[in-house]
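Chemist: Okay, here's the structure, questions in a sec.
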Amino acid sequence: MRAMMPRLAPNRPEDSAPSGHMTALCTHVAGERRFLRSPQRARSFERRVTGSEHGARMVEPLVLQLGVVTTAQLAALGWSKWQIERAVQRLVLVRIRPGWFGQSPDADALAAARAGACIACFSALRLRGAWVPQGSGAHLRHARHRAGARCRPFGAQPPVRSVVDDLGTAVRSAFRCGDREALVVVLDSLLHRRLATLDELRTWAADAPARIRDLLAVLDGRAESGTESMVRFRLWRLRIGVRIQVRVLPGMRVDLLVGERLVIECDSREHHTDGAAYERDRERDRRLVARGFLVLRLSYRQIHEDWPAIERDILAIIRRGDHRFARRNQR
Ligand SMILES: [Zn+2]
C-alpha cells in the first residue's frame with residue numbers, strides 16, 4: 001500500500017509535518033492489507049464517489065490533522081467502500097453523518113461536520129496560519145444556505161466538500177463576515193506570513209463591495225503583529241499620517257512613526273512577556289528618548305481595552321505639534 005503514500009505528499013514544505021491523525025489513517029491503510037483493493041479498483045471507487053478520477057486525489061495534511069474526512073477523501077487515500085464499512089464496524093472510523101467520518105476528530109471539526117457545515121471564514125484562516133484576534137467565535141459555513149448566515153462568501157458559493165474551507169473561500173467569507181479592522185489585521189498577517197499575495201487577495205475580493213475592495217490599499221505585509229495593524233488602521237481612520245517599520249536610528253526600526261518623532265511601539269502579548277524582551281524594550285526607549293523621540297509603548301491589553309484614552313493622548317500630542325521636531329532640535 002506504500003504506492004498510496006505519495007498521494008499524501010504535501011504541496012508546500014510548511015505542510016510537511018506529520019500529525020498523529022495522519023499517521024493513524026496511514027497506519028490503518030498499511031495495517032489492513034488483506035482488505036485493500038488494487039489501485040485500479042480504488043480509482044474506480046474514487047470515480048464513482050467523486051465523479052472524476054482526478055478530482056479528489058489530494059487530501060490536505062490539515063484535514064487529516066483535524067481527523068474528519070469525507071467518503072471522497074477516504075477514496076483518495078485509497079480506502080475502498082468495503083474497507084470504510086469494515087472500519088466503521090470495528091470503530092476505527094466513526095460515521096459522523098452520511099458521507100462523513102471521523103478518527104480522533106478535533107472537537108471543532110466534529111461539531112462542524114455534525115452541523116452539516118465546515119470550518120470556514122476566520123476560523124479556517126486561523127487554522128491556515130493567519131493571525132486572528134481572540135474571541136471571534138466559531139465560524140462555520142453550511143452546506144445548505146441558511147437565511148442570515150454570516151459566514152458565506154461573496155460571489156460563488158462552493159459546495160462543502162471538506163471539513164475546512166480553502167484559503168480563497170475563507171478569505172471571501174471573511175470579507176462578508178468581519179469588520180474592516182479585523183480584516184486589515186488578518187489580511188496583513190496573510191501577507192506578512194506569505195500565505196497569500198496581494199494579487200490573490202484582489203482576485204478573491206472581485207465580488208466584494210467597494211468598501212471592502214478599497215481596504216486592500218490599506219494593507220501592509222510589513223506589519224509584524226496584529227496589534228500593530230490594529231493601531232495603524234485606527235490612525236488611518238483618524239486621517240493621521242503614519243509610517244510603519246521605520247528605521248529611525250542605526251540598527252533600530254520602530255513599529256509606527258507619526259510625523260517625525262512620535263514613535264508608537266505596539267507590544268503583542270506573544271512577543272513581549274519574556275525578561276530579555278523587557279530589557280531590550282527599555283534600552284530602545286532610552287536610546288530613542290536620548291535622540292529626541294517621544295515613545296508611546298502600548299500593551300496588547302491597552303490597545304484592546306483602553307483605546308479611547310490612547311486616542312485622546314495621541315491627538316493631544318499631535319495638536320501641540322509635539323510629533324514634529326522643533327527647529328532648534330533638528331538633528
Ligand atoms: Zn465568519
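Following the order of the C-alpha cells, first chain is A, next is B, and so on, with residues numbered from 1 inside each chain and ligands from 1 in the order they appear.
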I'd like to know which residues of stretch 147-208 of chain A are alpha helix (DSSP H) (by DSSP, run on the backbone); could you write them as an mmCIF file with C-alpha atoms, in the first residue's frame?
Modeler:
```cif
data_model
loop_
_atom_site.group_PDB
_atom_site.id
_atom_site.type_symbol
_atom_site.label_atom_id
_atom_site.label_comp_id
_atom_site.auth_asym_id
_atom_site.auth_seq_id
_atom_site.Cartn_x
_atom_site.Cartn_y
_atom_site.Cartn_z
ATOM 1 C CA LEU A 167 -7.834 29.802 1.795
ATOM 2 C CA GLY A 168 -9.647 31.630 -1.018
ATOM 3 C CA THR A 169 -13.135 30.634 0.149
ATOM 4 C CA ALA A 170 -12.195 31.504 3.759
ATOM 5 C CA VAL A 171 -10.977 34.973 2.728
ATOM 6 C CA ARG A 172 -14.083 35.569 0.579
ATOM 7 C CA SER A 173 -16.278 34.639 3.568
ATOM 8 C CA ALA A 174 -14.276 36.868 5.915
ATOM 9 C CA PHE A 175 -14.894 39.793 3.536
ATOM 10 C CA ARG A 176 -18.599 39.444 4.288
ATOM 11 C CA CYS A 177 -18.342 38.442 7.948
ATOM 12 C CA ARG A 180 -12.890 46.352 8.435
ATOM 13 C CA GLU A 181 -10.373 46.434 11.264
ATOM 14 C CA ALA A 182 -10.468 42.645 11.758
ATOM 15 C CA LEU A 183 -9.969 42.219 8.016
ATOM 16 C CA VAL A 184 -6.932 44.507 7.938
ATOM 17 C CA VAL A 185 -5.377 42.624 10.859
ATOM 18 C CA VAL A 186 -5.960 39.173 9.379
ATOM 19 C CA LEU A 187 -5.095 40.076 5.772
ATOM 20 C CA ASP A 188 -1.892 41.859 6.909
ATOM 21 C CA SER A 189 -0.880 38.634 8.629
ATOM 22 C CA LEU A 190 -1.616 36.585 5.473
ATOM 23 C CA LEU A 191 0.704 38.908 3.539
ATOM 24 C CA HIS A 192 3.359 39.065 6.272
ATOM 25 C CA LEU A 198 -1.929 40.944 -2.769
ATOM 26 C CA ASP A 199 -2.872 39.766 -6.279
ATOM 27 C CA GLU A 200 -4.646 36.740 -4.806
ATOM 28 C CA LEU A 201 -6.489 38.968 -2.323
ATOM 29 C CA ARG A 202 -7.557 41.234 -5.218
ATOM 30 C CA THR A 203 -8.887 38.223 -7.126
ATOM 31 C CA TRP A 204 -10.806 36.983 -4.083
#
```
Chemist: Return as number ranges by chain the residues of protein, DNA or RNA that approach ligand 1 to within 8 Å, with only C-alpha atoms and all ligand atoms taken into account.
Modeler: A: 120-123, 138-141, 150-152, 173-174, 176-178
Chemist: At a cut-off of 8 Å, using only C-alpha atoms, what residues contact stretch 293-310 of chain A? Leave out same-chain residues fewer than 6 positions from it and give the result as a PDB file with C-alpha atoms, in the first residue's frame.
Modeler:
```
ATOM      1  CA  THR A 227      -1.771  44.937  17.389  1.00  0.00           C
ATOM      2  CA  VAL A 231      -3.263  50.714  15.660  1.00  0.00           C
ATOM      3  CA  ARG A 261       9.285  61.944  16.261  1.00  0.00           C
ATOM      4  CA  LEU A 262       6.209  60.249  17.756  1.00  0.00           C
ATOM      5  CA  VAL A 263       7.171  56.590  17.990  1.00  0.00           C
ATOM      6  CA  ILE A 264       4.375  54.115  18.751  1.00  0.00           C
ATOM      7  CA  GLU A 265       5.502  50.654  19.746  1.00  0.00           C
ATOM      8  CA  CYS A 266       2.780  48.009  19.873  1.00  0.00           C
ATOM      9  CA  ASP A 267       3.506  45.108  22.179  1.00  0.00           C
ATOM     10  CA  SER A 268       1.853  41.888  21.167  1.00  0.00           C
ATOM     11  CA  ARG A 269       1.139  39.568  24.053  1.00  0.00           C
ATOM     12  CA  ASP A 285      13.152  53.558  24.734  1.00  0.00           C
ATOM     13  CA  HIS A 323       5.081  64.879  16.801  1.00  0.00           C
TER      14      HIS A 323
END
```
Chemist: For the strand (DSSP E or B) assignment from backbone DSSP, which residues of stretch 203-279 of chain A qualify? Please present them as a PyMOL selection string.
Modeler: chain A and resi 242-249+252-258+262-266
Chemist: Taking only C-alpha atoms into account, which of A:Leu288, A:Leu110, A:Val63, A:Ile119 comes nearest A:Leu77?
Modeler: A:Val63
